[in-house]
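To be precise, the following lines are run11.cif, and they hold mmCIF, C-alpha atoms.
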```
data_my_file
#
loop_
_atom_site.label_atom_id
_atom_site.label_comp_id
_atom_site.auth_asym_id
_atom_site.auth_seq_id
_atom_site.Cartn_x
_atom_site.Cartn_y
_atom_site.Cartn_z
CA MET A 8 0.00 0.00 0.00
CA LEU A 9 1.08 3.55 -0.72
CA PHE A 10 -0.19 6.35 1.53
CA HIS A 11 -0.02 9.26 -0.91
CA ASP A 12 0.16 12.96 -0.05
CA ILE A 13 -0.49 12.44 3.67
CA ALA A 14 0.57 14.32 6.82
CA LEU A 15 2.61 12.64 9.54
CA ILE A 16 4.33 13.50 12.83
CA ASP A 17 8.09 12.90 13.09
CA GLN A 18 9.99 11.81 16.23
CA ASP A 19 10.43 15.44 17.30
CA GLY A 20 6.68 15.99 17.19
CA LYS A 21 6.83 18.16 14.06
CA THR A 22 4.14 17.77 11.42
CA ARG A 23 5.33 16.93 7.92
CA GLU A 24 2.74 17.43 5.21
CA HIS A 25 2.64 16.14 1.63
CA MET A 26 4.42 12.89 2.41
CA ASN A 27 4.38 9.47 0.76
CA VAL A 28 4.67 6.33 2.88
CA ARG A 29 4.92 2.91 1.26
CA VAL A 30 4.25 -0.38 3.04
CA ALA A 31 5.71 -3.61 1.68
CA GLY A 32 4.69 -6.80 3.44
CA ALA A 33 4.71 -6.28 7.20
CA TYR A 34 7.10 -3.31 7.15
CA ILE A 35 7.35 0.36 6.25
CA ASP A 36 9.38 0.37 3.07
CA ALA A 37 9.84 4.10 2.40
CA VAL A 38 8.97 7.53 3.81
CA GLU A 39 9.53 10.38 1.36
CA PRO A 40 8.20 13.84 0.49
CA CYS A 41 5.81 14.05 -2.42
CA GLY A 42 7.54 14.76 -5.71
CA THR A 43 10.25 12.13 -5.23
CA THR A 44 10.58 8.50 -6.34
CA LEU A 45 7.35 7.25 -4.76
CA ASP A 46 5.30 9.69 -6.82
CA GLN A 47 6.85 8.22 -9.93
CA ALA A 48 5.99 4.70 -8.74
CA ARG A 49 2.43 5.61 -7.79
CA ALA A 50 0.83 4.29 -10.96
CA SER A 51 2.28 0.82 -10.37
CA GLU A 52 1.14 0.49 -6.74
CA LYS A 53 -1.68 -2.01 -6.25
CA ASP A 54 -3.34 -0.05 -3.44
CA VAL A 55 -3.04 3.73 -3.10
CA HIS A 56 -4.61 5.51 -0.13
CA ASP A 57 -5.46 9.16 -0.78
CA GLY A 58 -3.90 11.00 2.16
CA ARG A 59 -5.19 14.50 1.48
CA GLY A 60 -6.68 15.91 4.69
CA LYS A 61 -5.46 12.93 6.69
CA LEU A 62 -2.83 12.23 9.34
CA LEU A 63 -0.76 9.01 9.48
CA ILE A 64 0.72 7.99 12.85
CA PRO A 65 2.09 4.84 14.50
CA GLY A 66 -0.78 2.81 15.92
CA PHE A 67 -1.59 3.07 19.62
CA PHE A 68 -0.41 0.60 22.26
CA ASN A 69 -2.99 0.29 25.03
CA ASN A 70 -0.59 -0.53 27.86
CA HIS A 71 -3.07 -1.58 30.54
CA SER A 72 -6.43 -3.19 29.87
CA HIS A 73 -8.88 -5.91 30.82
CA VAL A 74 -10.41 -6.22 27.38
CA PRO A 75 -13.25 -8.73 28.00
CA MET A 76 -14.61 -6.30 30.60
CA THR A 77 -16.61 -4.88 27.71
CA LEU A 78 -19.09 -7.44 29.05
CA THR A 79 -19.43 -5.40 32.27
CA ARG A 80 -19.63 -1.99 30.65
CA GLY A 81 -22.26 0.04 32.50
CA TYR A 82 -22.96 -2.73 35.03
CA GLY A 83 -21.33 -1.14 38.11
CA GLU A 84 -21.89 2.60 37.96
CA ASP A 85 -21.60 5.11 40.82
CA LEU A 86 -19.86 2.79 43.28
CA SER A 87 -16.66 2.92 45.30
CA LEU A 88 -13.80 0.73 44.03
CA TYR A 89 -14.42 -1.84 46.78
CA ASP A 90 -18.18 -2.06 46.15
CA TRP A 91 -17.66 -1.98 42.39
CA LEU A 92 -15.31 -4.98 42.64
CA TYR A 93 -16.95 -7.08 45.32
CA LYS A 94 -20.65 -6.38 44.73
CA ARG A 95 -20.71 -6.21 40.94
CA ILE A 96 -17.58 -7.13 39.01
CA PHE A 97 -16.20 -10.16 40.88
CA PRO A 98 -19.60 -11.96 41.06
CA PHE A 99 -20.23 -11.32 37.35
CA GLU A 100 -16.70 -12.36 36.32
CA ALA A 101 -16.98 -15.60 38.30
CA LEU A 102 -19.68 -16.73 35.86
CA LEU A 103 -17.74 -16.02 32.69
CA THR A 104 -16.45 -18.96 30.65
CA GLU A 105 -13.54 -19.10 28.25
CA GLU A 106 -16.05 -18.79 25.41
CA ASP A 107 -17.54 -15.69 27.03
CA MET A 108 -14.05 -14.19 27.24
CA TYR A 109 -13.64 -14.81 23.51
CA TRP A 110 -16.73 -12.80 22.60
CA GLY A 111 -16.02 -10.04 25.12
CA ALA A 112 -12.46 -9.78 23.85
CA LEU A 113 -13.61 -9.60 20.22
CA LEU A 114 -15.92 -6.72 21.09
CA GLY A 115 -13.07 -4.89 22.84
CA ILE A 116 -10.64 -5.62 20.02
CA ALA A 117 -13.10 -4.29 17.44
CA GLU A 118 -13.54 -1.12 19.48
CA MET A 119 -9.77 -0.69 19.77
CA LEU A 120 -9.12 -1.31 16.09
CA SER A 121 -11.78 1.23 15.15
CA GLY A 122 -9.92 3.74 17.34
CA GLY A 123 -6.43 3.11 15.98
CA THR A 124 -5.06 0.70 18.60
CA VAL A 125 -2.73 -1.95 17.16
CA SER A 126 -1.70 -3.74 20.35
CA PHE A 127 -2.74 -4.06 23.99
CA THR A 128 -1.32 -5.31 27.29
CA ASP A 129 -4.01 -7.27 29.07
CA MET A 130 -4.51 -8.78 32.51
CA TYR A 131 -7.56 -10.97 32.94
CA MET A 132 -8.57 -14.63 33.33
CA ARG A 133 -9.44 -17.66 31.21
CA ILE A 134 -7.06 -16.08 28.78
CA GLN A 135 -7.18 -18.80 26.12
CA GLY A 136 -10.44 -17.20 24.98
CA ILE A 137 -8.70 -13.84 24.65
CA PHE A 138 -5.81 -15.50 22.80
CA ARG A 139 -8.22 -16.94 20.26
CA ALA A 140 -9.80 -13.51 19.68
CA VAL A 141 -6.40 -11.87 19.21
CA VAL A 142 -5.16 -14.38 16.66
CA GLU A 143 -8.40 -14.39 14.67
CA SER A 144 -8.62 -10.60 14.56
CA GLY A 145 -4.94 -9.97 13.72
CA ILE A 146 -4.29 -7.39 16.47
CA LYS A 147 -1.23 -7.74 18.73
CA ALA A 148 -1.32 -8.32 22.48
CA SER A 149 0.64 -9.18 25.60
CA LEU A 150 -1.60 -11.48 27.62
CA SER A 151 -1.57 -12.54 31.26
CA ASN A 152 -3.80 -13.75 34.06
CA GLY A 153 -3.68 -11.62 37.23
CA LEU A 154 -2.57 -13.96 40.01
CA THR A 155 -4.26 -13.83 43.42
CA GLY A 156 -3.91 -16.09 46.46
CA ASP A 157 -3.02 -16.54 50.10
CA ALA A 158 0.04 -17.90 51.91
CA ALA A 159 -1.09 -21.51 51.39
CA THR A 160 -1.38 -21.15 47.61
CA LEU A 161 1.06 -23.28 45.62
CA LEU A 162 1.67 -21.69 42.24
CA GLU A 163 1.95 -24.93 40.31
CA GLU A 164 -1.43 -26.14 41.61
CA THR A 165 -3.38 -23.09 40.43
CA ALA A 166 -5.54 -22.48 37.36
CA TRP A 167 -3.25 -19.47 36.84
CA TYR A 168 -0.27 -21.78 36.33
CA ARG A 169 -2.09 -23.99 33.84
CA GLU A 170 -3.34 -21.00 31.86
CA THR A 171 0.07 -19.33 31.79
CA GLU A 172 1.88 -22.49 30.73
CA THR A 173 -0.65 -22.94 27.93
CA MET A 174 -0.24 -19.29 26.88
CA ILE A 175 3.55 -19.61 26.73
CA ARG A 176 3.11 -22.60 24.41
CA ASP A 177 0.34 -21.06 22.30
CA ALA A 178 2.14 -17.75 21.86
CA GLN A 179 4.84 -19.56 19.90
CA THR A 180 2.26 -20.37 17.23
CA SER A 181 0.88 -16.82 16.91
CA LYS A 182 3.49 -15.49 14.45
CA GLY A 183 4.51 -12.77 16.90
CA LEU A 184 1.01 -11.44 17.54
CA VAL A 185 0.87 -12.65 21.14
CA ILE A 186 3.49 -12.34 23.88
CA ALA A 187 2.89 -14.29 27.09
CA ASN A 188 3.34 -12.30 30.31
CA ALA A 189 3.27 -13.09 34.02
CA SER A 190 0.98 -11.00 36.19
CA LEU A 191 0.21 -10.29 39.82
CA HIS A 192 -3.20 -8.73 40.29
CA ALA A 193 -2.00 -6.55 43.16
CA GLN A 194 -0.18 -6.48 46.47
CA TYR A 195 -3.43 -6.50 48.44
CA THR A 196 -4.87 -9.61 46.75
CA SER A 197 -1.84 -11.83 47.33
CA ALA A 198 0.43 -13.08 50.10
CA PRO A 199 4.23 -12.51 50.13
CA GLU A 200 4.88 -16.25 49.86
CA LEU A 201 2.94 -16.32 46.59
CA VAL A 202 4.64 -13.21 45.22
CA ARG A 203 8.02 -14.86 45.79
CA GLN A 204 6.90 -17.94 43.85
CA LEU A 205 5.66 -15.77 40.99
CA ALA A 206 8.88 -13.75 40.87
CA VAL A 207 10.97 -16.90 40.58
CA TYR A 208 8.66 -18.34 37.93
CA ALA A 209 8.76 -15.18 35.80
CA ARG A 210 12.53 -14.98 36.06
CA ASP A 211 12.98 -18.66 35.12
CA LYS A 212 10.54 -18.38 32.19
CA LYS A 213 11.92 -14.98 31.10
CA LEU A 214 8.45 -13.41 31.19
CA ARG A 215 7.55 -9.75 31.54
CA MET A 216 5.47 -8.73 34.56
CA HIS A 217 2.19 -6.80 34.78
CA VAL A 218 0.75 -5.53 38.10
CA HIS A 219 -1.62 -3.00 39.65
CA LEU A 220 0.40 -0.71 41.93
CA SER A 221 -0.79 1.77 44.59
CA GLU A 222 -4.09 2.42 42.85
CA THR A 223 -5.91 3.54 46.00
CA LYS A 224 -4.85 5.35 49.14
CA GLY A 225 -6.31 2.57 51.28
CA GLU A 226 -4.28 -0.26 49.75
CA HIS A 227 -1.10 1.85 49.78
CA GLU A 228 -1.38 2.78 53.46
CA GLU A 229 -2.50 -0.71 54.49
CA CYS A 230 0.66 -2.19 52.96
CA LYS A 231 2.80 0.26 54.93
CA GLU A 232 1.00 -0.62 58.16
CA LYS A 233 1.16 -4.38 57.55
CA PHE A 234 4.66 -4.72 56.17
CA GLY A 235 6.36 -1.43 57.04
CA LYS A 236 6.93 -0.79 53.33
CA THR A 237 5.22 0.87 50.41
CA PRO A 238 3.81 -1.54 47.80
CA ALA A 239 6.65 -0.62 45.41
CA ARG A 240 9.32 -1.47 47.99
CA TYR A 241 7.42 -4.57 49.11
CA LEU A 242 7.14 -5.96 45.57
CA ALA A 243 10.72 -5.03 44.69
CA ASP A 244 12.05 -6.78 47.80
CA LEU A 245 10.12 -9.92 46.86
CA GLY A 246 11.75 -9.92 43.40
CA LEU A 247 8.71 -9.03 41.30
CA PHE A 248 10.59 -6.29 39.45
CA ASP A 249 13.62 -8.42 38.64
CA VAL A 250 12.12 -8.90 35.16
CA PRO A 251 10.87 -6.10 32.86
CA ALA A 252 7.62 -4.94 34.43
CA THR A 253 4.67 -2.65 33.77
CA ALA A 254 2.86 -1.20 36.79
CA ALA A 255 -0.56 0.36 36.29
CA HIS A 256 -1.95 3.41 38.12
CA ALA A 257 0.89 4.16 40.61
CA ILE A 258 -1.16 7.04 42.02
CA PHE A 259 0.21 7.05 45.55
CA ILE A 260 3.87 6.15 45.06
CA GLU A 261 6.23 8.06 47.36
CA ASP A 262 9.74 9.51 47.21
CA GLU A 263 11.74 6.29 47.57
CA ASP A 264 9.39 4.54 45.18
CA TYR A 265 10.55 6.69 42.28
CA ASP A 266 14.14 5.55 42.75
CA ILE A 267 13.07 1.92 43.07
CA LEU A 268 10.94 2.01 39.94
CA LYS A 269 13.57 3.86 37.91
CA ASN A 270 16.43 1.61 39.00
CA LYS A 271 14.39 -1.52 38.27
CA GLY A 272 13.36 -0.19 34.86
CA VAL A 273 9.65 -0.48 35.62
CA THR A 274 7.28 1.10 33.10
CA LEU A 275 4.40 3.07 34.61
CA SER A 276 1.04 3.06 32.83
CA HIS A 277 -1.41 5.95 33.29
CA GLN A 278 -5.22 5.43 33.18
CA PRO A 279 -6.73 8.89 33.77
CA SER A 280 -10.38 8.08 32.94
CA SER A 281 -10.55 5.08 35.24
CA ASN A 282 -8.70 6.90 38.02
CA LEU A 283 -11.18 9.77 37.85
CA LYS A 284 -14.32 7.65 37.53
CA ILE A 285 -13.46 5.41 40.49
CA GLY A 286 -12.37 8.47 42.47
CA SER A 287 -8.97 6.97 43.22
CA GLY A 288 -6.98 10.12 42.54
CA LEU A 289 -4.36 11.20 40.03
CA PRO A 290 -0.64 10.42 39.78
CA ASP A 291 2.11 12.96 39.13
CA VAL A 292 2.92 11.89 35.58
CA LYS A 293 5.28 14.85 35.12
CA ARG A 294 7.36 13.53 37.99
CA TRP A 295 7.36 10.07 36.43
CA ARG A 296 8.74 11.59 33.25
CA ASP A 297 11.23 13.85 35.02
CA TYR A 298 12.60 10.87 36.95
CA GLY A 299 13.35 9.09 33.69
CA ILE A 300 10.66 6.45 34.20
CA ARG A 301 9.08 5.19 30.98
CA VAL A 302 5.51 6.53 30.73
CA THR A 303 2.75 4.73 28.85
CA ILE A 304 -1.02 5.13 28.54
CA GLY A 305 -3.79 2.56 29.03
CA THR A 306 -7.55 2.63 29.06
CA ASP A 307 -8.10 0.09 31.85
CA GLY A 308 -11.22 -2.02 31.38
CA ALA A 309 -14.46 -0.83 29.84
CA GLY A 310 -16.16 -1.49 33.18
CA SER A 311 -14.33 1.44 34.73
CA ASN A 312 -13.68 3.77 31.80
CA ASN A 313 -16.22 3.12 29.94
CA ASN A 314 -14.58 3.08 26.51
CA LEU A 315 -11.29 1.96 24.95
CA ASP A 316 -10.56 5.23 23.12
CA MET A 317 -6.81 5.80 23.35
CA ILE A 318 -6.96 9.24 21.73
CA GLU A 319 -9.42 10.42 24.35
CA GLU A 320 -7.24 8.89 27.08
CA VAL A 321 -4.06 10.65 25.91
CA THR A 322 -5.89 13.96 25.52
CA LEU A 323 -7.28 13.69 29.05
CA ALA A 324 -3.82 12.80 30.40
CA SER A 325 -2.41 15.87 28.66
CA PHE A 326 -5.06 18.28 29.95
CA LEU A 327 -4.83 16.93 33.50
CA ALA A 328 -1.06 17.33 33.54
CA LYS A 329 -1.31 20.91 32.28
CA GLY A 330 -3.89 21.79 34.93
CA MET A 331 -2.20 20.03 37.84
CA ASN A 332 1.16 21.64 37.08
CA HIS A 333 -0.18 25.03 35.91
CA ASP A 334 1.90 24.55 32.77
CA PRO A 335 0.20 24.82 29.35
CA LEU A 336 3.39 23.58 27.65
CA LEU A 337 3.17 20.14 29.31
CA PHE A 338 3.35 17.73 27.38
CA SER A 339 4.26 18.24 23.69
CA THR A 340 2.36 16.41 20.94
CA GLY A 341 5.48 14.42 20.12
CA GLU A 342 5.97 13.35 23.72
CA LEU A 343 2.32 12.36 24.12
CA LEU A 344 2.48 10.35 20.93
CA THR A 345 5.61 8.61 22.21
CA PHE A 346 3.86 7.70 25.47
CA ALA A 347 1.01 6.09 23.54
CA THR A 348 3.00 4.40 20.77
CA ARG A 349 6.75 3.79 20.99
CA ASN A 350 6.87 3.57 24.78
CA GLY A 351 4.01 1.10 24.77
CA ALA A 352 5.76 -1.01 22.15
CA LEU A 353 8.99 -1.05 24.16
CA ALA A 354 7.11 -1.94 27.35
CA GLN A 355 5.80 -5.01 25.52
CA GLY A 356 9.30 -5.89 24.34
CA ARG A 357 8.54 -5.03 20.71
CA GLU A 358 11.64 -3.21 19.51
CA ASP A 359 10.72 -3.10 15.82
CA THR A 360 7.49 -1.10 15.96
CA GLY A 361 5.97 2.10 17.33
CA LEU A 362 7.82 4.43 14.95
CA LEU A 363 6.88 5.76 11.54
CA GLU A 364 10.24 5.00 9.95
CA GLU A 365 11.64 2.72 7.28
CA ASP A 366 12.19 -0.92 8.31
CA TYR A 367 9.80 -0.68 11.26
CA ARG A 368 6.67 -2.78 11.30
CA ALA A 369 3.67 -1.25 9.57
CA ASP A 370 1.48 -0.91 12.67
CA LEU A 371 -0.24 2.27 11.55
CA THR A 372 -3.31 4.45 12.01
CA VAL A 373 -4.89 7.04 9.71
CA LEU A 374 -7.18 9.84 10.92
CA ASP A 375 -9.47 11.93 8.73
CA MET A 376 -9.23 15.62 9.62
CA THR A 377 -11.58 17.00 6.99
CA THR A 378 -14.64 17.08 9.26
CA LEU A 379 -16.06 20.27 10.76
CA LYS A 380 -14.50 20.04 14.21
CA PHE A 381 -10.99 20.36 12.74
CA GLN A 382 -11.65 23.38 10.54
CA PRO A 383 -9.62 25.41 9.91
CA VAL A 384 -6.55 23.21 10.20
CA TYR A 385 -3.37 25.11 11.09
CA ASP A 386 -1.34 22.02 11.99
CA TYR A 387 -2.44 18.40 11.67
CA GLY A 388 -0.26 17.22 14.54
CA THR A 389 -1.58 19.62 17.15
CA CYS A 390 -5.14 18.60 16.23
CA LEU A 391 -4.45 15.02 17.32
CA PHE A 392 -4.68 15.39 21.11
CA THR A 393 -6.98 18.39 21.17
CA ASN A 394 -9.73 17.89 18.57
CA ALA A 395 -9.65 14.20 17.68
CA ASN A 396 -11.12 11.03 19.16
CA ALA A 397 -11.55 7.42 18.07
CA SER A 398 -14.37 8.24 15.65
CA ASP A 399 -11.88 10.09 13.42
CA VAL A 400 -9.87 6.93 12.68
CA VAL A 401 -10.49 5.68 9.16
CA LEU A 402 -7.82 2.97 8.86
CA THR A 403 -5.90 0.68 11.20
CA MET A 404 -3.12 -1.56 9.93
CA VAL A 405 -1.19 -4.26 11.83
CA ASP A 406 1.93 -5.79 10.27
CA GLY A 407 0.93 -4.26 6.92
CA ARG A 408 -2.53 -5.83 7.03
CA VAL A 409 -5.59 -3.55 7.01
CA LEU A 410 -7.88 -4.70 9.85
CA TYR A 411 -10.23 -1.72 9.89
CA LYS A 412 -11.11 0.71 7.12
CA ASP A 413 -13.91 3.26 6.73
CA GLY A 414 -16.14 1.70 9.37
CA ALA A 415 -15.67 -1.92 8.30
CA PHE A 416 -13.67 -4.75 9.86
CA THR A 417 -11.80 -7.17 7.62
CA THR A 418 -11.41 -9.99 10.16
CA ILE A 419 -14.33 -9.57 12.60
CA ASP A 420 -18.03 -10.29 12.04
CA ILE A 421 -19.19 -7.45 14.27
CA GLU A 422 -22.92 -8.28 14.06
CA LYS A 423 -22.23 -11.80 15.31
CA VAL A 424 -20.06 -10.39 18.11
CA ILE A 425 -22.76 -8.00 19.31
CA HIS A 426 -25.41 -10.75 19.17
CA ASN A 427 -23.31 -12.98 21.42
CA VAL A 428 -22.44 -10.18 23.84
CA TYR A 429 -26.14 -9.54 24.48
CA ARG A 430 -26.74 -13.27 24.87
CA ILE A 431 -23.99 -13.44 27.51
CA ARG A 432 -25.36 -10.37 29.30
CA ASP A 433 -28.84 -11.82 29.57
CA GLU A 434 -27.57 -15.26 30.67
CA LYS A 435 -25.38 -13.86 33.46
CA LEU A 436 -27.96 -11.44 34.79
CA LYS A 437 -30.46 -14.31 35.01
CA MET A 438 -27.93 -16.43 36.90
CA LEU A 439 -27.11 -13.62 39.31
CA ALA A 440 -30.79 -13.06 39.99
CA GLY A 441 -31.07 -16.69 41.08
#
```
Taking this structure as input, can you express it in the form of structure tokens?
Amino acid sequence: MLFHDIALIDQDGKTREHMNVRVAGAYIDAVEPCGTTLDQARASEKDVHDGRGKLLIPGFFNNHSHVPMTLTRGYGEDLSLYDWLYKRIFPFEALLTEEDMYWGALLGIAEMLSGGTVSFTDMYMRIQGIFRAVVESGIKASLSNGLTGDAATLLEETAWYRETETMIRDAQTSKGLVIANASLHAQYTSAPELVRQLAVYARDKKLRMHVHLSETKGEHEECKEKFGKTPARYLADLGLFDVPATAAHAIFIEDEDYDILKNKGVTLSHQPSSNLKIGSGLPDVKRWRDYGIRVTIGTDGAGSNNNLDMIEEVTLASFLAKGMNHDPLLFSTGELLTFATRNGALAQGREDTGLLEEDYRADLTVLDMTTLKFQPVYDYGTCLFTNANASDVVLTMVDGRVLYKDGAFTTIDIEKVIHNVYRIRDEKLKMLAG
């Protein structure tokens, strides 16, 4: 495919208009200004995408999600985190089968593809259903089951262990689409003896780690009272961060925690919509960045967001940072785009994607900026995280393969997905009602 006469954003965050970008196979083959060799080759290209009025960017990496939670969207509104989890979400999730996870994941994947997301880092359960949805749809993902348990729990006797072992095996057949991760749900849902077992397992299997960290004030302070340590120190001392790790939320981390997380190379993932909706609070993302900690963006699950719109999430993160720090220059478009693309790719261990450059994988997104809300356009790049949202995406490509274009999915039967999601909803509500 040749993207002809399109705008793009370079690594410095500068907009470059009237560009040609050619994709060959799974990779970006050439990036050149109009009027050069690609213009001359245009007539011979099999598929030419008219880029006038459009912006081409690397696709988004949703760095913290629970994708099948599309099945719980709108089910637990106006509740505290504890009541949301224990009165609504956990009872509903306990009824979900692997097949249910497949349909819920397909719905979430379709939503993400229609919003320009090319890969996601997910923590959930019965993950073979999610794996199936990922491979069939063609999106990329890092998948894990969030481990929970008490001091008597033996890792190798858990459903978590069986699922993770299966995922490690299955990921080898996914042609690079799926990466198997290890995951601890959180400090407060596990015992130290179990965390130690998990840390050893992840290190032996060379798996990346995914964990919720200091999401609420209550869990953070309770850990300090119980163990005399912050959750970051507690998990680091137990070896959880001895492998590359992504920690979500990190709202209440303290002074020493920044040094621990930086020195261990932990990536921090920011979920502003979920943090605000649940009333948990907001982290100091500027301080994350200033400390040299890798910053990424995630949507969290649709049960607490309630959408999977990465553009909206990045825009909200930007506006919150500006307001909290009284600094309208925080953050630049280029830096925000890096948070949501290249940093997310690196956090997943994908070195060859997340940049719009030759020889990088063609994981790409196109936005249409000809609609009224963008007019007049002074700069395509600065419109991205001010005017745009997921509805402006007109094409999403993964490894050079178009998975979404102009409202249509090439690998997902969306009507069938929606039919099954409503079937699951009605079945579970009937079961919960007794």
Do you have, as JSON lines, the list of residues of range 274-389 of chain A lying at most 9 Å from range 82-92 of chain A, each with its nearest atom pair and that distance in Å to one decimal, counting all atoms listed in the file and ordered by chain then number?
```
{"residue": "A:Lys284", "atom": "CA", "partner": "A:Asp85", "partner_atom": "CA", "distance": 8.4}
{"residue": "A:Ile285", "atom": "CA", "partner": "A:Leu88", "partner_atom": "CA", "distance": 5.9}
{"residue": "A:Gly286", "atom": "CA", "partner": "A:Ser87", "partner_atom": "CA", "distance": 7.6}
{"residue": "A:Ser287", "atom": "CA", "partner": "A:Leu88", "partner_atom": "CA", "distance": 7.9}
{"residue": "A:Gly310", "atom": "CA", "partner": "A:Gly83", "partner_atom": "CA", "distance": 7.2}
{"residue": "A:Ser311", "atom": "CA", "partner": "A:Gly83", "partner_atom": "CA", "distance": 8.2}
```
Quiz item: At what distance in Å, to one decimal, does CA of Gly414 in chain A lie from CA of Thr79 in chain A?
Solution: 24.2 Å
Exercise. Measuring atom to atom with all atoms listed in the file, identify which of A:Leu63, A:Ala148, A:Leu114, A:Met108 is nearest to Arg357 in chain A.
Key: A:Ala148
Please evaluate the PyMOL selection byres ((chain A and resi 122-127) around 8) against the displayed coordinates and give the resulting residues as a PDB file with C-alpha atoms, in the coordinates of the input.
```pdb
ATOM      1  CA  GLY A  66      -0.780   2.810  15.920  1.00  0.00           C
ATOM      2  CA  PHE A  67      -1.590   3.070  19.620  1.00  0.00           C
ATOM      3  CA  PHE A  68      -0.410   0.600  22.260  1.00  0.00           C
ATOM      4  CA  ASN A  69      -2.990   0.290  25.030  1.00  0.00           C
ATOM      5  CA  ASN A  70      -0.590  -0.530  27.860  1.00  0.00           C
ATOM      6  CA  HIS A  71      -3.070  -1.580  30.540  1.00  0.00           C
ATOM      7  CA  SER A  72      -6.430  -3.190  29.870  1.00  0.00           C
ATOM      8  CA  GLU A 118     -13.540  -1.120  19.480  1.00  0.00           C
ATOM      9  CA  MET A 119      -9.770  -0.690  19.770  1.00  0.00           C
ATOM     10  CA  LEU A 120      -9.120  -1.310  16.090  1.00  0.00           C
ATOM     11  CA  SER A 121     -11.780   1.230  15.150  1.00  0.00           C
ATOM     12  CA  THR A 128      -1.320  -5.310  27.290  1.00  0.00           C
ATOM     13  CA  ASP A 129      -4.010  -7.270  29.070  1.00  0.00           C
ATOM     14  CA  ILE A 146      -4.290  -7.390  16.470  1.00  0.00           C
ATOM     15  CA  LYS A 147      -1.230  -7.740  18.730  1.00  0.00           C
ATOM     16  CA  ALA A 148      -1.320  -8.320  22.480  1.00  0.00           C
ATOM     17  CA  SER A 149       0.640  -9.180  25.600  1.00  0.00           C
ATOM     18  CA  LEU A 315     -11.290   1.960  24.950  1.00  0.00           C
ATOM     19  CA  ASP A 316     -10.560   5.230  23.120  1.00  0.00           C
ATOM     20  CA  MET A 317      -6.810   5.800  23.350  1.00  0.00           C
ATOM     21  CA  ILE A 318      -6.960   9.240  21.730  1.00  0.00           C
ATOM     22  CA  ASP A 370       1.480  -0.910  12.670  1.00  0.00           C
ATOM     23  CA  LEU A 371      -0.240   2.270  11.550  1.00  0.00           C
ATOM     24  CA  THR A 372      -3.310   4.450  12.010  1.00  0.00           C
ATOM     25  CA  VAL A 373      -4.890   7.040   9.710  1.00  0.00           C
ATOM     26  CA  ASN A 396     -11.120  11.030  19.160  1.00  0.00           C
ATOM     27  CA  ALA A 397     -11.550   7.420  18.070  1.00  0.00           C
ATOM     28  CA  SER A 398     -14.370   8.240  15.650  1.00  0.00           C
ATOM     29  CA  ASP A 399     -11.880  10.090  13.420  1.00  0.00           C
ATOM     30  CA  VAL A 400      -9.870   6.930  12.680  1.00  0.00           C
ATOM     31  CA  LEU A 402      -7.820   2.970   8.860  1.00  0.00           C
ATOM     32  CA  THR A 403      -5.900   0.680  11.200  1.00  0.00           C
ATOM     33  CA  MET A 404      -3.120  -1.560   9.930  1.00  0.00           C
ATOM     34  CA  VAL A 405      -1.190  -4.260  11.830  1.00  0.00           C
TER      35      VAL A 405
END
```
Starting from the PyMOL selection byres ((chain A and resi 331) around 10), expand the selection into actual residues of this file and give them as a compact mmCIF listing (two decimals) with C-alpha atoms, in the coordinates of the input.
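Generated output (result06.txt):
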```txt
# COMPACT_ATOMS: atom_id res chain seq x y z
CA LEU A 289 -4.36 11.20 40.03
CA PRO A 290 -0.64 10.42 39.78
CA ASP A 291 2.11 12.96 39.13
CA VAL A 292 2.92 11.89 35.58
CA LYS A 293 5.28 14.85 35.12
CA PHE A 326 -5.06 18.28 29.95
CA LEU A 327 -4.83 16.93 33.50
CA ALA A 328 -1.06 17.33 33.54
CA LYS A 329 -1.31 20.91 32.28
CA GLY A 330 -3.89 21.79 34.93
CA ASN A 332 1.16 21.64 37.08
CA HIS A 333 -0.18 25.03 35.91
CA ASP A 334 1.90 24.55 32.77
```
Because the input lacks atoms here, generate N, CA and C atoms for range 422-428 of chain A and report them as a PDB file, keeping the file's coordinate frame.
```
ATOM      1  N   GLU A 422     -21.518  -7.996  13.717  1.00  0.00           N
ATOM      2  CA  GLU A 422     -22.920  -8.280  14.060  1.00  0.00           C
ATOM      3  C   GLU A 422     -23.021  -9.557  14.894  1.00  0.00           C
ATOM      4  N   LYS A 423     -22.248 -10.544  14.548  1.00  0.00           N
ATOM      5  CA  LYS A 423     -22.230 -11.800  15.310  1.00  0.00           C
ATOM      6  C   LYS A 423     -21.670 -11.559  16.714  1.00  0.00           C
ATOM      7  N   VAL A 424     -20.645 -10.719  16.807  1.00  0.00           N
ATOM      8  CA  VAL A 424     -20.060 -10.390  18.110  1.00  0.00           C
ATOM      9  C   VAL A 424     -21.096  -9.735  19.014  1.00  0.00           C
ATOM     10  N   ILE A 425     -21.782  -8.727  18.505  1.00  0.00           N
ATOM     11  CA  ILE A 425     -22.760  -8.000  19.310  1.00  0.00           C
ATOM     12  C   ILE A 425     -23.910  -8.915  19.730  1.00  0.00           C
ATOM     13  N   HIS A 426     -24.347  -9.785  18.828  1.00  0.00           N
ATOM     14  CA  HIS A 426     -25.410 -10.750  19.170  1.00  0.00           C
ATOM     15  C   HIS A 426     -24.985 -11.602  20.363  1.00  0.00           C
ATOM     16  N   ASN A 427     -23.775 -12.110  20.346  1.00  0.00           N
ATOM     17  CA  ASN A 427     -23.310 -12.980  21.420  1.00  0.00           C
ATOM     18  C   ASN A 427     -23.063 -12.228  22.714  1.00  0.00           C
ATOM     19  N   VAL A 428     -22.645 -10.983  22.632  1.00  0.00           N
ATOM     20  CA  VAL A 428     -22.440 -10.180  23.840  1.00  0.00           C
ATOM     21  C   VAL A 428     -23.768  -9.967  24.573  1.00  0.00           C
TER      22      VAL A 428
END
```
